[in-house]
Structures are given as C-alpha cells and as structure tokens.
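Step one of this worksheet: look at the structure below.
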Protein chains: 2
Amino acid sequence: MAVEIERKFLVEGDAWRDSVTASRRIRQAYLSNGGAASVRIRVIDEEKSVLTVKSKGKSGEAALSRAEFEYSVPLEDAVAMLDLRTGRIIDKMRHLVPAGNGRTWEVDVFAGAHEGLVLAEIELEAADEPVEIPSWIGREVTGDPRYGNVALAQEG
Amino acid sequence: MAVEIERKFLVEGDAWRDSVTASRRIRQAYLSNGGAASVRIRVIDEEKSVLTVKSKGKSGEAALSRAEFEYSVPLEDAVAMLDLRTGRIIDKMRHLVPAGNGRTWEVDVFAGAHEGLVLAEIELEAADEPVEIPSWIGREVTGDPRYGNVALAQEG
C-alpha cells in the first residue's frame, strides 16, 4: 500500500513541451467509482497494464492523501476489463517534465471527449512540501471534483 | 482470464461432513458491485489474499458463465482493502468434498449475519456437463440472485 500525495493544476500554453523527457499514451477506465474505493484499469502504450484500487478522496485538503494499491496485470486481461467499465474510456498522452527537488510534472493532454483539456500533476512526499511553479502552470485544481479522474470518466 | 461455469445448491443436513478433505476460512467483501463488474477482495485463512474482478452474471442460464480475473495480493493490502468495502464482510468456512468426474463440491457454511445458511457449489467445464447429485444436496439456486455472493454481502 502506498499513500499518494499530489497536487493538480490547469496548464496554460505549450512552453512545457520543450522540456518533455518522455511521453506515453494512457487509456484508462473505472470498473467502479461508487463506495469507498475506485477501481481503475489502465493500459500504457498498449504494452503495460495496471489495476489500481484507491480510497476515495474527499474534496479539499483530504484529496491530497489517499490509500492506493497497484497491481500489474496481463494486457489481455486489461483490454477485456476495459469492456466492463462504468462510464467512458479516458484517452490521453502523458508527458513527463522535470520539476525542482527531483520531482516530475506529469502533463496530461486529453483526447476524445475532453479534447483541449491539459492538466499537470506533481506527486509529493508531504502535503506542505514547497513546489516551484513554472510559468505554464495555471490555476490549482487539487481536490476540485470536476477535474478528478473519476469525474472525467463519467459520461455526459 | 478464465470463464467460470458453476452450479449452486442449498445443502440439507450434515452427511457431507464425513467426506470433507480440506477446510478453510474465507473472509471476503466487495469494493464494488455496481456496473458491469464486481470487484471482490478475499482473505483465506488469514494467509493468502486474492483480488477478483468478475463480469456480472444475469439471472437464469447466463449466470452459469462469467468472465473472471484473479490476482494474488499482499495480505496487508487485502486487510486494508476490506475497510474500503461496500456492504458487509462475508465470513464463512469452505469445506471441500470430492464429487464425481474429478470435480469438487465447495460447501460454504456461513457465520455472522448468514448463520445457518449452507450452500454447495460445483465448478464445471461445460454448462451441460452431467453432475452426480449426492443425497445432501437440496434445491438448485444457480442464478437465483438471493444466493449470489454479491447479494449476501449487501447490508439488510
């Protein structure tokens, strides 16, 4: 079990693209988002697949820290499980951009239903760890349920 | 991925107890039972733990055959995930009883909220495989939603 602490921001403009060190395509969907946990299946570059159980974050500060359980699963299982989803498949390119303190920005460029949306996330050791904010980082949306992965996977 | 074909029956009396070859305690709960899949966490004899994703069976004949994905997970993860359940923890002793054709009856004796309920399941290769029915096997409840694991895990 890991406890995940992360902050999430809107991205403004393309200046971050010059600093990208790696990119991968992520397709993911939820088998469940009701109850106390969400269950997500994720396929990375059509190669690697991960099943993740996360305790539900509450809005506000509590959203920074959640229990998370991750398991690698066979690709063929994952592709079959995508068909058992609730809501839609999220399809995005994830670009890694180095941050200060050895941290990494994950810049997600959404395709399909969320075309045009670009979000940046940074994972931290502690909720109050200082973060250097580049010029292309816009408004913070940590804990805003509209930008949660579960919400983005909901239809309509 | 495995496709599971099984039949389920009520059990009458204790005659099966003479033929038990192994017994184990199972504690299990659902992280999700909405949508197209159920997600179950199971702890066996407080030693081994399994996370299972099953496509939802429909009532009647379709209930015989479901997609099932099973993954071993660390015991400490499983115990933490039981706290993220929806509904109640099912606590039962599972006893194995040899059946014909190299098959095995799984006789589940429920504790707690379902004290007094005893169910027998047999897993088959094909839905129409003949099954020898011992005298202690009662009414068939395959596909009866009241005796499904998901229903038994619901509160109230």
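Residues in the structure tokens are named by chain (A, B, ... in the order shown) and by number from 1 within that chain; ligands are numbered from 1 in the order shown.
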At most 8 Å to chain B: residues in chain A, only C-alpha atoms, as a list in words: Met1, Leu31, Ser32, Asn33, Gly34, Gly35, Ala36, Ala37, Ser38, Val39, Ser55, Phe69, Tyr71, Val73, Glu76, Asp77, Leu84, Arg85 and Thr86 of chain A
Please identify all polymer residues within 10 Å of Ala111 (chain A), counting only C-alpha atoms, omitting same-chain residues fewer than 2 positions from it, and present them as a list in words.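 Neighbouring residues, sequence-local ones excluded: Ile90, Asp91, Lys92, Met93, Asp108, Val109, Ala113, His114, Glu115, Gly116, Leu117 and Val118 of chain A.
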Excluding Glu123 (chain B) and residues on its chain fewer than 6 positions from it, collect all residues at most 7 Å away from it, counting only C-alpha atoms, and give them as a PyMOL selection string. chain B and resi 5-7
Excluding region 15-25 of chain A and residues on its chain fewer than 2 positions from it, collect all residues at most 7 Å away from it, counting only C-alpha atoms, and give them as number ranges by chain. A: 13, 27, 44-45, 92-97, 136
Those residues with C-alpha atoms, as a short mmCIF file (atom, residue, chain, number, x, y, z; two decimals), in the first residue's frame please?
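Everything below was put into part_20.cif:
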data_model
loop_
_atom_site.label_atom_id
_atom_site.label_comp_id
_atom_site.auth_asym_id
_atom_site.auth_seq_id
_atom_site.Cartn_x
_atom_site.Cartn_y
_atom_site.Cartn_z
CA GLY A 13 0.12 27.29 -23.34
CA ARG A 27 -6.09 4.53 -21.83
CA ILE A 44 0.02 2.20 -21.03
CA ASP A 45 1.31 2.35 -24.63
CA LYS A 92 -4.64 10.83 -23.01
CA MET A 93 -0.97 11.41 -23.73
CA ARG A 94 1.09 11.78 -20.56
CA HIS A 95 4.27 13.84 -20.91
CA LEU A 96 6.95 13.92 -18.19
CA VAL A 97 8.60 17.27 -17.42
CA TRP A 136 2.98 27.47 -17.84
#
